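Asker: Input file: protein_39.cif. Contents: mmCIF, C-alpha atoms.
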```
data_work
#
loop_
_atom_site.label_atom_id
_atom_site.label_comp_id
_atom_site.auth_asym_id
_atom_site.auth_seq_id
_atom_site.Cartn_x
_atom_site.Cartn_y
_atom_site.Cartn_z
CA MET P 12 2.64 74.48 73.25
CA SER P 13 -0.94 74.95 74.17
CA SER P 14 -2.17 78.44 74.74
CA GLU P 15 -3.48 77.58 78.23
CA THR P 16 -0.06 76.89 79.72
CA GLY P 17 1.15 80.12 78.17
CA THR P 18 -1.67 82.04 79.76
CA ILE P 19 -0.96 80.40 83.10
CA THR P 20 2.72 81.35 82.86
CA ILE P 21 1.80 84.94 82.06
CA MET P 22 -0.75 85.18 84.87
CA LEU P 23 1.60 83.55 87.35
CA SER P 24 4.50 85.85 86.50
CA LEU P 25 2.25 88.90 86.82
CA PHE P 26 0.98 87.64 90.17
CA VAL P 27 4.56 87.21 91.40
CA ALA P 28 5.36 90.72 90.12
CA MET P 29 2.45 92.12 92.14
CA ILE P 30 3.65 90.29 95.24
CA LEU P 31 7.12 91.77 94.75
CA ALA P 32 5.48 95.17 94.31
CA VAL P 33 3.95 95.07 97.82
CA PHE P 34 6.51 92.90 99.60
CA HIS P 35 7.85 95.03 102.42
CA LEU P 36 11.47 94.74 103.41
CA PRO P 37 12.35 93.30 106.80
CA GLU P 38 13.01 95.76 109.60
CA TRP P 39 16.75 95.15 109.70
CA SER P 40 17.23 96.25 106.08
CA PRO P 41 18.58 99.79 105.61
CA ASP P 42 15.96 102.50 105.10
CA TRP P 43 17.34 103.81 101.80
CA LEU P 44 16.87 100.42 100.17
CA ALA P 45 13.12 100.97 100.10
CA TRP P 46 13.56 103.81 97.59
CA PHE P 47 15.12 101.43 95.07
CA ARG P 48 12.11 99.24 94.41
CA PRO P 49 11.93 98.34 90.71
CA SER P 50 8.46 98.55 89.16
CA TRP P 51 8.17 94.80 88.82
CA VAL P 52 4.78 94.77 87.14
CA VAL P 53 5.98 97.14 84.42
CA LEU P 54 9.02 94.95 83.76
CA VAL P 55 7.07 91.70 83.52
CA MET P 56 4.37 93.33 81.41
CA LEU P 57 6.99 94.74 79.07
CA TYR P 58 8.60 91.35 78.63
CA TRP P 59 5.35 89.66 77.67
CA VAL P 60 4.32 92.40 75.26
CA MET P 61 7.68 92.11 73.61
CA GLU P 62 7.71 88.31 73.38
CA LEU P 63 4.02 87.61 72.79
CA PRO P 64 2.50 90.83 71.46
CA HIS P 65 -0.64 89.04 70.27
CA ARG P 66 -1.36 87.67 73.74
CA VAL P 67 -1.22 90.76 75.89
CA GLY P 68 -3.72 93.37 74.80
CA MET P 69 -4.07 96.96 75.88
CA VAL P 70 -7.41 96.43 77.56
CA ARG P 71 -5.99 93.61 79.67
CA ALA P 72 -3.01 95.77 80.55
CA TRP P 73 -5.44 98.49 81.57
CA LEU P 74 -7.42 96.13 83.79
CA LEU P 75 -4.24 94.85 85.40
CA GLY P 76 -3.24 98.45 86.03
CA LEU P 77 -6.58 99.07 87.72
CA CYS P 78 -5.89 96.16 90.10
CA LEU P 79 -2.43 97.59 90.73
CA ASP P 80 -3.97 100.98 91.58
CA VAL P 81 -6.14 99.39 94.22
CA LEU P 82 -3.32 97.19 95.47
CA LEU P 83 -1.04 100.18 96.03
CA GLY P 84 -3.86 102.35 97.35
CA GLU P 85 -3.39 104.94 94.63
CA PRO P 86 -6.12 106.81 92.74
CA MET P 87 -7.72 104.51 90.20
CA GLY P 88 -6.83 105.04 86.56
CA VAL P 89 -3.22 106.14 86.90
CA ASN P 90 -1.36 102.84 86.80
CA ALA P 91 -4.08 101.57 84.46
CA PHE P 92 -3.27 104.26 81.93
CA CYS P 93 0.49 103.88 82.39
CA LEU P 94 0.41 100.14 81.75
CA ALA P 95 -1.87 100.55 78.73
CA ALA P 96 0.37 103.26 77.29
CA LEU P 97 3.45 101.10 77.90
CA THR P 98 1.77 98.23 76.07
CA PHE P 99 0.91 100.53 73.19
CA VAL P 100 4.45 101.88 72.83
CA THR P 101 6.11 98.49 73.22
CA TRP P 102 3.66 97.02 70.79
CA SER P 103 4.64 99.45 68.08
CA ILE P 104 8.37 98.71 68.38
CA TYR P 105 8.47 95.15 69.70
CA GLU P 106 10.30 93.82 66.65
CA ARG P 107 13.10 96.26 67.11
CA LEU P 108 13.22 95.63 70.88
CA ARG P 109 13.63 91.91 70.30
CA MET P 110 16.70 92.54 68.16
CA TYR P 111 18.33 94.69 70.82
CA ALA P 112 20.94 93.39 73.23
CA VAL P 113 19.75 93.12 76.82
CA VAL P 114 21.71 96.23 77.77
CA GLN P 115 19.97 98.26 75.06
CA GLN P 116 16.65 96.93 76.25
CA ALA P 117 17.59 98.02 79.77
CA VAL P 118 18.06 101.56 78.46
CA PHE P 119 14.56 101.43 77.00
CA VAL P 120 13.28 100.12 80.35
CA PHE P 121 15.00 103.01 82.10
CA GLY P 122 13.29 105.53 79.82
CA ALA P 123 9.88 103.89 80.08
CA VAL P 124 9.89 103.59 83.88
CA LEU P 125 11.26 107.12 84.18
CA CYS P 126 8.35 108.47 82.12
CA ILE P 127 5.78 106.49 84.11
CA GLU P 128 7.16 107.47 87.51
CA LEU P 129 7.56 111.10 86.48
CA LEU P 130 3.97 111.23 85.25
CA LYS P 131 2.77 109.68 88.50
CA MET P 132 4.73 112.12 90.59
CA LEU P 133 3.47 115.13 88.65
CA LEU P 134 -0.08 113.86 89.24
CA TRP P 135 0.60 113.38 92.95
CA MET P 136 2.04 116.90 93.17
CA GLN P 137 -0.96 118.29 91.34
CA PHE P 138 -3.73 116.42 93.12
CA LEU P 139 -2.39 115.00 96.38
CA ASN P 140 -0.08 117.85 97.44
CA ALA P 141 2.92 115.56 97.42
CA ASP P 142 6.41 117.03 97.53
CA PHE P 143 8.91 116.77 94.71
CA HIS P 144 11.19 113.83 95.25
CA MET P 145 13.91 112.08 93.29
CA THR P 146 12.27 108.65 93.79
CA PHE P 147 11.35 108.38 90.11
CA LEU P 148 15.04 108.37 89.18
CA TRP P 149 15.94 105.67 91.71
CA VAL P 150 13.00 103.52 90.67
CA ALA P 151 13.97 103.81 87.00
CA MET P 152 17.59 102.97 87.79
CA ALA P 153 16.64 99.95 89.88
CA SER P 154 14.26 98.77 87.16
CA ALA P 155 16.93 99.00 84.46
CA LEU P 156 19.39 97.16 86.68
CA VAL P 157 17.10 94.21 87.38
CA TRP P 158 15.84 94.02 83.79
CA PRO P 159 18.51 91.46 82.66
CA LEU P 160 17.50 89.23 85.56
CA VAL P 161 13.79 89.52 84.79
CA TYR P 162 14.51 88.88 81.12
CA LEU P 163 16.55 85.78 81.90
CA VAL P 164 14.06 84.30 84.36
CA LEU P 165 11.03 84.90 82.16
CA ARG P 166 12.89 83.61 79.11
CA ARG P 167 13.76 80.41 80.94
CA SER P 168 10.23 79.93 82.15
CA SER P 169 8.69 80.60 78.77
CA LYS P 170 11.20 78.28 77.07
CA SER P 171 10.63 75.52 79.59
CA THR P 172 6.90 75.67 79.08
CA GLY P 173 7.66 75.43 75.40
CA PHE P 174 6.88 78.60 73.53
CA MET K 15 -5.18 104.24 73.01
CA ILE K 16 -6.98 107.57 73.06
CA ALA K 17 -10.10 105.79 74.31
CA LEU K 18 -8.18 104.27 77.20
CA LEU K 19 -6.65 107.64 78.04
CA VAL K 20 -10.12 109.15 78.16
CA ILE K 21 -11.47 106.31 80.30
CA SER K 22 -8.48 106.55 82.66
CA SER K 23 -8.93 110.29 83.11
CA LEU K 24 -12.65 109.80 83.63
CA VAL K 25 -12.10 107.15 86.29
CA PHE K 26 -9.47 109.33 87.93
CA ALA K 27 -11.75 112.39 87.89
CA ILE K 28 -14.87 110.56 89.06
CA GLU K 29 -12.97 109.00 91.91
CA SER K 30 -11.40 112.29 92.94
CA TYR K 31 -14.65 114.19 93.12
CA THR K 32 -17.37 111.67 93.95
CA ALA K 33 -17.74 108.44 95.88
CA SER K 34 -19.62 106.61 93.14
CA LEU K 35 -16.70 104.31 92.34
CA GLU K 36 -16.37 103.03 95.92
CA PRO K 37 -18.10 99.71 95.16
CA LEU K 38 -15.70 99.01 92.29
CA ARG K 39 -12.73 99.82 94.45
CA LYS K 40 -14.00 97.59 97.25
CA LEU K 41 -14.52 94.75 94.78
CA LEU K 42 -11.02 95.09 93.37
CA ALA K 43 -9.57 95.39 96.86
CA THR K 44 -11.20 92.08 97.76
CA ILE K 45 -9.70 90.51 94.65
CA VAL K 46 -6.15 91.64 95.38
CA VAL K 47 -6.15 90.54 99.05
CA PRO K 48 -4.31 87.26 98.24
CA VAL K 49 -1.36 89.26 96.94
CA TYR K 50 -0.93 90.87 100.36
CA THR K 51 -1.45 87.57 102.11
CA VAL K 52 1.27 85.84 100.07
CA ALA K 53 3.63 88.79 100.43
CA GLU K 54 3.32 88.51 104.22
CA LEU K 55 3.88 84.74 104.32
CA PRO K 56 7.68 84.87 104.84
CA TYR K 57 7.21 87.02 107.94
CA TYR K 58 4.33 84.90 109.13
CA PHE K 59 6.37 81.71 108.85
CA SER K 60 9.53 83.17 110.34
CA GLY K 61 7.42 84.32 113.29
CA LYS K 62 5.90 80.87 113.66
CA ALA K 63 9.31 79.22 113.31
CA SER K 64 10.93 81.35 115.98
CA GLU K 65 7.96 80.60 118.24
CA SER K 66 8.18 76.87 117.77
CA ILE K 67 11.94 76.52 118.14
CA ALA K 68 12.19 78.77 121.19
CA SER K 69 13.83 76.92 124.03
CA ARG K 70 12.00 75.85 127.16
CA ASN K 71 14.02 78.33 129.17
CA THR K 72 13.10 81.27 126.97
CA LEU K 73 9.47 80.31 127.09
CA ASN K 74 9.56 79.98 130.86
CA GLU K 75 11.19 83.36 131.17
CA GLU K 76 8.67 84.94 128.85
CA ASN K 77 5.86 83.29 130.76
CA MET K 78 7.21 84.63 134.04
CA ARG K 79 7.59 88.11 132.60
CA MET K 80 4.04 88.05 131.28
CA ARG K 81 2.64 86.86 134.61
CA ARG K 82 4.38 89.70 136.36
CA ARG K 83 3.08 92.16 133.77
CA LEU K 84 -0.43 90.77 134.14
CA LEU K 85 -0.26 91.23 137.89
CA GLU K 86 0.88 94.82 137.48
CA LEU K 87 -1.81 95.57 134.94
CA SER K 88 -4.60 94.01 136.98
CA GLN K 89 -3.51 96.07 139.95
CA ILE K 90 -3.69 99.21 137.81
CA THR K 91 -7.08 98.13 136.51
CA GLN K 92 -8.43 97.80 140.05
CA GLN K 93 -7.48 101.39 140.71
CA PHE K 94 -8.80 102.37 137.33
CA ILE K 95 -12.27 100.99 138.06
CA SER K 96 -12.68 103.02 141.23
CA LEU K 97 -11.18 106.07 139.57
CA ARG K 98 -13.58 105.76 136.69
CA GLU K 99 -16.55 105.59 139.04
CA GLU K 100 -15.28 108.58 140.91
CA ASN K 101 -14.69 110.46 137.69
CA ALA K 102 -18.22 109.70 136.50
CA ARG K 103 -19.63 110.86 139.87
CA LEU K 104 -17.71 114.10 139.76
CA ARG K 105 -18.70 114.67 136.14
CA SER K 106 -22.34 114.19 137.00
CA LEU K 107 -21.91 116.64 139.88
CA LEU K 108 -20.53 119.14 137.38
CA GLY K 109 -23.42 118.40 135.10
CA SER K 110 -21.32 117.38 132.14
CA GLN K 111 -21.92 114.38 129.95
CA GLU K 112 -20.57 111.09 131.19
CA GLN K 113 -17.91 109.61 128.96
CA VAL K 114 -19.07 106.50 127.18
CA ASN K 115 -17.21 103.24 127.20
CA THR K 116 -15.55 102.32 123.96
CA GLU K 117 -15.53 98.89 122.41
CA VAL K 118 -12.56 97.50 120.55
CA LEU K 119 -11.92 94.88 117.92
CA ILE K 120 -8.55 93.16 117.63
CA ALA K 121 -7.10 93.12 114.12
CA GLU K 122 -3.93 91.72 112.65
CA ILE K 123 -1.71 93.61 110.22
CA ILE K 124 -1.58 91.57 107.02
CA GLY K 125 0.20 94.01 104.77
CA VAL K 126 2.47 97.01 104.88
CA LEU K 127 2.59 99.45 102.01
CA PRO K 128 6.15 99.23 100.71
CA SER K 129 6.52 102.88 99.72
CA PRO K 130 8.76 104.67 102.24
CA SER K 131 6.95 107.97 101.69
CA ARG K 132 3.50 106.66 102.61
CA HIS K 133 2.81 105.01 105.92
CA GLU K 134 -0.14 102.69 105.48
CA VAL K 135 -0.90 99.17 106.63
CA VAL K 136 -3.60 96.68 105.68
CA LEU K 137 -5.65 94.99 108.42
CA ASP K 138 -7.51 91.69 108.27
CA LYS K 139 -10.83 93.21 109.40
CA GLY K 140 -13.21 94.93 107.03
CA GLU K 141 -16.75 96.01 106.35
CA GLN K 142 -18.24 92.68 107.43
CA HIS K 143 -16.73 93.16 110.91
CA GLY K 144 -18.27 96.61 111.20
CA VAL K 145 -15.15 98.61 110.42
CA TYR K 146 -15.86 102.06 108.99
CA VAL K 147 -13.80 104.76 107.27
CA GLY K 148 -12.43 107.23 109.78
CA GLN K 149 -12.29 104.72 112.62
CA ALA K 150 -9.46 105.21 115.09
CA VAL K 151 -6.82 102.49 115.45
CA VAL K 152 -4.62 102.04 118.54
CA ASP K 153 -2.00 99.50 119.50
CA ALA K 154 -0.82 98.39 122.94
CA HIS K 155 1.15 101.59 123.47
CA GLY K 156 -0.82 104.39 121.90
CA LEU K 157 -2.63 105.90 118.96
CA PHE K 158 -1.74 104.12 115.72
CA GLY K 159 -3.74 105.74 112.92
CA GLN K 160 -7.12 105.79 111.24
CA VAL K 161 -8.98 103.69 108.70
CA VAL K 162 -9.01 105.34 105.27
CA GLU K 163 -10.37 102.62 103.02
CA ILE K 164 -12.34 99.43 103.55
CA SER K 165 -13.16 96.35 101.53
CA ALA K 166 -15.32 93.40 102.55
CA SER K 167 -12.70 91.72 104.71
CA THR K 168 -9.77 94.12 104.88
CA SER K 169 -9.15 97.73 105.67
CA ARG K 170 -6.35 100.18 104.99
CA VAL K 171 -5.00 102.27 107.84
CA LEU K 172 -3.15 105.56 107.55
CA GLN K 173 -0.55 105.78 110.31
CA ILE K 174 -0.05 108.91 112.39
CA SER K 175 3.48 109.30 111.01
CA ASP K 176 2.32 109.67 107.38
CA PRO K 177 3.15 113.14 106.06
CA SER K 178 -0.50 113.73 105.14
CA HIS K 179 -1.79 112.81 108.60
CA ALA K 180 -2.47 115.10 111.53
CA VAL K 181 -4.09 114.45 114.88
CA PRO K 182 -5.42 116.93 117.47
CA VAL K 183 -3.54 116.42 120.74
CA GLN K 184 -3.07 118.03 124.10
CA VAL K 185 -0.19 118.03 126.53
CA ASN K 186 -1.14 115.82 129.43
CA ARG K 187 0.59 118.05 131.99
CA THR K 188 -0.92 121.39 131.00
CA ASP K 189 -3.88 120.54 128.73
CA LEU K 190 -2.34 122.75 126.05
CA ARG K 191 -3.99 121.93 122.73
CA MET K 192 -2.14 121.54 119.44
CA VAL K 193 -1.91 119.49 116.28
CA ALA K 194 0.58 116.67 115.77
CA ALA K 195 1.45 116.05 112.14
CA GLY K 196 3.30 113.13 110.58
CA THR K 197 6.71 113.72 109.05
CA GLY K 198 7.22 110.66 106.88
CA ARG K 199 9.55 109.14 109.46
CA LYS K 200 8.19 106.37 111.65
CA ASP K 201 9.86 107.65 114.80
CA VAL K 202 9.08 111.37 114.59
CA ILE K 203 5.91 113.44 114.62
CA GLU K 204 5.90 117.20 114.61
CA LEU K 205 3.83 119.67 116.62
CA GLU K 206 2.52 122.43 114.43
CA TYR K 207 1.87 126.09 115.17
CA VAL K 208 2.93 126.09 118.80
CA PRO K 209 3.87 129.60 119.93
CA ILE K 210 7.44 129.93 121.23
CA THR K 211 6.06 131.01 124.61
CA ALA K 212 4.02 127.82 125.09
CA ASP K 213 4.65 125.76 128.20
CA ILE K 214 5.96 122.54 126.75
CA LEU K 215 9.03 120.55 127.72
CA PRO K 216 10.87 117.48 126.47
CA GLY K 217 9.36 114.45 128.16
CA ASP K 218 5.80 115.78 128.13
CA LEU K 219 3.20 113.21 127.20
CA LEU K 220 0.82 114.07 124.36
CA VAL K 221 -2.63 112.52 124.44
CA SER K 222 -5.38 112.70 121.85
CA SER K 223 -7.69 115.57 122.69
CA GLY K 224 -10.81 114.20 121.02
CA LEU K 225 -11.37 117.46 119.19
CA GLY K 226 -12.64 116.94 115.68
CA GLY K 227 -14.51 113.86 116.82
CA ARG K 228 -12.40 111.41 114.89
CA PHE K 229 -10.12 110.08 117.59
CA PRO K 230 -11.40 109.22 121.05
CA ARG K 231 -10.00 111.30 123.88
CA GLY K 232 -7.13 110.33 126.11
CA TYR K 233 -5.04 107.86 124.11
CA PRO K 234 -1.29 108.50 124.32
CA VAL K 235 0.05 109.83 121.02
CA GLY K 236 3.69 110.58 121.73
CA LEU K 237 6.42 111.85 124.01
CA VAL K 238 7.98 115.23 123.30
CA THR K 239 11.64 114.68 122.48
CA SER K 240 12.92 118.09 121.51
CA VAL K 241 11.75 121.69 121.75
CA VAL K 242 13.69 124.18 119.65
CA VAL K 243 12.83 127.80 120.31
CA ASP K 244 14.13 130.32 117.79
CA GLU K 245 13.34 133.85 118.95
CA THR K 246 13.12 135.10 115.38
CA GLN K 247 10.27 132.72 114.54
CA SER K 248 6.73 132.88 115.84
CA PHE K 249 6.41 129.12 116.26
CA ALA K 250 8.61 126.66 118.11
CA TYR K 251 9.97 123.60 116.38
CA ILE K 252 8.82 120.64 118.45
CA GLU K 253 9.35 116.97 117.75
CA ALA K 254 7.78 114.01 119.48
CA LYS K 255 8.24 110.27 119.35
CA PRO K 256 5.04 108.31 118.65
CA SER K 257 3.99 106.11 121.56
CA ALA K 258 2.62 103.40 119.30
CA ALA K 259 5.08 100.88 117.89
CA LEU K 260 4.33 101.97 114.32
CA ASP K 261 6.78 99.63 112.64
CA ARG K 262 6.73 96.72 115.07
CA SER K 263 3.12 96.06 116.08
CA ARG K 264 1.49 92.99 114.57
CA HIS K 265 -1.82 93.36 116.33
CA VAL K 266 -3.80 96.54 116.68
CA LEU K 267 -7.18 97.53 118.10
CA LEU K 268 -9.98 99.13 116.14
CA VAL K 269 -11.81 101.49 118.47
CA PHE K 270 -15.57 101.88 118.15
CA SER K 271 -16.25 105.24 119.68
CA GLU K 272 -19.85 105.89 120.54
CA LEU K 273 -20.04 109.62 120.29
CA PRO K 274 -23.37 110.13 118.57
CA GLY K 275 -23.20 111.96 115.29
CA LEU K 276 -19.45 112.29 115.32
CA THR K 277 -18.33 108.93 114.05
CA GLN K 278 -19.02 109.51 110.40
#
```
In structure tokens, what does this structure look like?
Answerer:
Amino acid sequence: MSSETGTITIMLSLFVAMILAVFHLPEWSPDWLAWFRPSWVVLVMLYWVMELPHRVGMVRAWLLGLCLDVLLGEPMGVNAFCLAALTFVTWSIYERLRMYAVVQQAVFVFGAVLCIELLKMLLWMQFLNADFHMTFLWVAMASALVWPLVYLVLRRSSKSTGF
Amino acid sequence: MIALLVISSLVFAIESYTASLEPLRKLLATIVVPVYTVAELPYYFSGKASESIASRNTLNEENMRMRRRLLELSQITQQFISLREENARLRSLLGSQEQVNTEVLIAEIIGVLPSPSRHEVVLDKGEQHGVYVGQAVVDAHGLFGQVVEISASTSRVLQISDPSHAVPVQVNRTDLRMVAAGTGRKDVIELEYVPITADILPGDLLVSSGLGGRFPRGYPVGLVTSVVVDETQSFAYIEAKPSAALDRSRHVLLVFSELPGLTQ
């Protein structure tokens, strides 16, 4: 397995995650569904840090987060910090995470996304006069629910490219 | 880790209080454009597909309908031209400034922000087409929003229904001035601080008043749908339905207003 194909797989999966992050639902879909958007980029990032900790560094995660900030039209630095912090935390316990069953990992995902979304919302409330909303809980729930799927798909793709 | 936290906070703070990071943001925005483009592809193709497999009959019908509409509109335009001349003449008699013509640029919506609490769209026209921050955006039916961020070839538009958006309006019937604020729902805007004694009725048309200099005067903003007067409150609770098709338009117009000194 050459490192280039690995890098391409990682980049491609992150690109797809970003597309999913801004893909808007068709008009006929129910309104409430929009609140349950998993944080795709966080999930994909988490998977790669867990599987290939030496490949995904904190600075790269930070830069990706910066792009995400601009993509979502949010103040720069917030998603950047969140992704870097996630990488840091995952990095320090990746061996344990690997041993976990997928359901246990999903619980970790739930906690991580909950922290990130809560931090974001507190910042919005502080600086952008946003109202308190339960979105963070729905996002965390949706993220935990789709985690097994993300895990499976990324595992397949990384196995098929041979590493 | 600590270093990244410090850098993040610095970036966040610098961006909140100064404009010195604008170039960086524009650069990154240009880089991430493909993501929006790809995310819109399914809708683009489904639109194309439904166009190309439409039956001859449907197309004929649509053609007929459009011809009729064109005829109607050109008739209205004829009247409009003479009315405009007359208006200008009367204005000059009154000694007030003649209203300038406004130019428009057609733009296509290439991205919609997925968050249900923020109503923003991304357009395919940017700095290189002369778009500027604060520019008013209208669609075929009424006022749509304003440009809040630009990159080289795209721009981000805040819609009038966003909870952080407000637009100065007046009632077309009585010229009563007020402010219409977004509610976070695409089909409702709210009129703020209207006294309960104000003369306003369901069905009244709200047009942009041009106060504040950001939006040009006279574009339809919404139709009043409900007026709730509670005698114990000082302000009435008034809802309106935006005229613009905020969640259906694919093409919008960027308005270049030529009021000197007020555009920026």
Asker: One decimal, in Å: what's the spacing between CA of Asp142 (chain P) and CA of His179 (chain K)?
Answerer: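 Separating CA of Asp142 (chain P) from CA of His179 (chain K) is a distance of 14.4 Å.
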Asker: Given the PyMOL selection byres ((chain P) within 6 of (chain K)) and the file above, list the residues it selects as an MDAnalysis selection string.
Answerer: chainID P and resid 30 33:35 81 87:88 92
Asker: Quick one: of K:Leu108, K:Leu84, K:Ala102, K:Ala212, who's nearest to Met192 (chain K), counting all atoms listed in the file?
Answerer: K:Ala212
Asker: Using Å and a single decimal, report how far CA of Thr168 (chain K) sits from CA of Ala121 (chain K).
Answerer: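 Answer for the CA of Ala121 (chain K) to CA of Thr168 (chain K) separation: 9.7 Å.
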Asker: Anything within 12 Å of (4.6, 85.5, 87.2): list those residues as a list of chain:residue names, counting all atoms listed in the file and sticking to the file's coordinates.
Answerer: P:Gly17, P:Thr18, P:Ile19, P:Thr20, P:Ile21, P:Met22, P:Leu23, P:Ser24, P:Leu25, P:Phe26, P:Val27, P:Ala28, P:Met29, P:Ile30, P:Leu31, P:Trp51, P:Val52, P:Leu54, P:Val55, P:Met56, P:Tyr58, P:Trp59, P:Val161, P:Val164, P:Leu165, P:Arg166, P:Ser168, P:Ser169
Asker: Can you list what the PyMOL selection byres ((chain P and resi 116) around 12) grabs from this structure, as a PDB file with C-alpha atoms, keeping the file's coordinate frame?
Answerer:
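Final output, saved to selection10.pdb:
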```pdb
ATOM      1  CA  LEU P  54       9.020  94.950  83.760  1.00  0.00           C
ATOM      2  CA  LEU P  57       6.990  94.740  79.070  1.00  0.00           C
ATOM      3  CA  TYR P  58       8.600  91.350  78.630  1.00  0.00           C
ATOM      4  CA  MET P  61       7.680  92.110  73.610  1.00  0.00           C
ATOM      5  CA  THR P 101       6.110  98.490  73.220  1.00  0.00           C
ATOM      6  CA  ILE P 104       8.370  98.710  68.380  1.00  0.00           C
ATOM      7  CA  TYR P 105       8.470  95.150  69.700  1.00  0.00           C
ATOM      8  CA  GLU P 106      10.300  93.820  66.650  1.00  0.00           C
ATOM      9  CA  ARG P 107      13.100  96.260  67.110  1.00  0.00           C
ATOM     10  CA  LEU P 108      13.220  95.630  70.880  1.00  0.00           C
ATOM     11  CA  ARG P 109      13.630  91.910  70.300  1.00  0.00           C
ATOM     12  CA  MET P 110      16.700  92.540  68.160  1.00  0.00           C
ATOM     13  CA  TYR P 111      18.330  94.690  70.820  1.00  0.00           C
ATOM     14  CA  ALA P 112      20.940  93.390  73.230  1.00  0.00           C
ATOM     15  CA  VAL P 113      19.750  93.120  76.820  1.00  0.00           C
ATOM     16  CA  VAL P 114      21.710  96.230  77.770  1.00  0.00           C
ATOM     17  CA  GLN P 115      19.970  98.260  75.060  1.00  0.00           C
ATOM     18  CA  ALA P 117      17.590  98.020  79.770  1.00  0.00           C
ATOM     19  CA  VAL P 118      18.060 101.560  78.460  1.00  0.00           C
ATOM     20  CA  PHE P 119      14.560 101.430  77.000  1.00  0.00           C
ATOM     21  CA  VAL P 120      13.280 100.120  80.350  1.00  0.00           C
ATOM     22  CA  PHE P 121      15.000 103.010  82.100  1.00  0.00           C
ATOM     23  CA  GLY P 122      13.290 105.530  79.820  1.00  0.00           C
ATOM     24  CA  ALA P 123       9.880 103.890  80.080  1.00  0.00           C
ATOM     25  CA  SER P 154      14.260  98.770  87.160  1.00  0.00           C
ATOM     26  CA  ALA P 155      16.930  99.000  84.460  1.00  0.00           C
ATOM     27  CA  LEU P 156      19.390  97.160  86.680  1.00  0.00           C
ATOM     28  CA  VAL P 157      17.100  94.210  87.380  1.00  0.00           C
ATOM     29  CA  TRP P 158      15.840  94.020  83.790  1.00  0.00           C
ATOM     30  CA  PRO P 159      18.510  91.460  82.660  1.00  0.00           C
ATOM     31  CA  VAL P 161      13.790  89.520  84.790  1.00  0.00           C
ATOM     32  CA  TYR P 162      14.510  88.880  81.120  1.00  0.00           C
TER      33      TYR P 162
END
```
Asker: Env of region 237-250 of chain K: 10 Å cut, atoms = all atoms listed in the file, seq-sep filter 4 positions within chain, self excluded. Answer as a list in words.
Answerer: Val185, Val202, Ile203, Glu204, Leu205, Glu206, Tyr207, Val208, Pro209, Ile210, Thr211, Ala212, Ile214, Leu215, Pro216, Gly217, Asp218, Leu219, Leu220, Val221, Ala254, Lys255, Pro256 and Ser257 of chain K
Asker: Here's the selection I'm unsure about, the PyMOL selection byres ((chain K and resi 158) around 12); applied to the file above, which residues does it give, as a ChimeraX atom specification?
Answerer: /K:123,133-135,149-157,159-161,171-176,179-181,196,200,222,229,233-236,256-269
Asker: For Leu160 (chain P), which residue among P:Pro49, P:Ala95, P:Leu75, P:Leu134 is the nearest when counting only C-alpha atoms?
Answerer: P:Pro49
Asker: When distances are computed from all atoms listed in the file, which of P:Val53, P:Thr146, P:Leu97, P:Met152 shows the smallest separation from Leu79 (chain P)?
Answerer: P:Val53
Asker: Please measure the separation of CA of Gly140 (chain K) and CA of Ala166 (chain K), giving the value in Å to one decimal.
Answerer: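 That distance, rounded to one decimal, is 5.2 Å.
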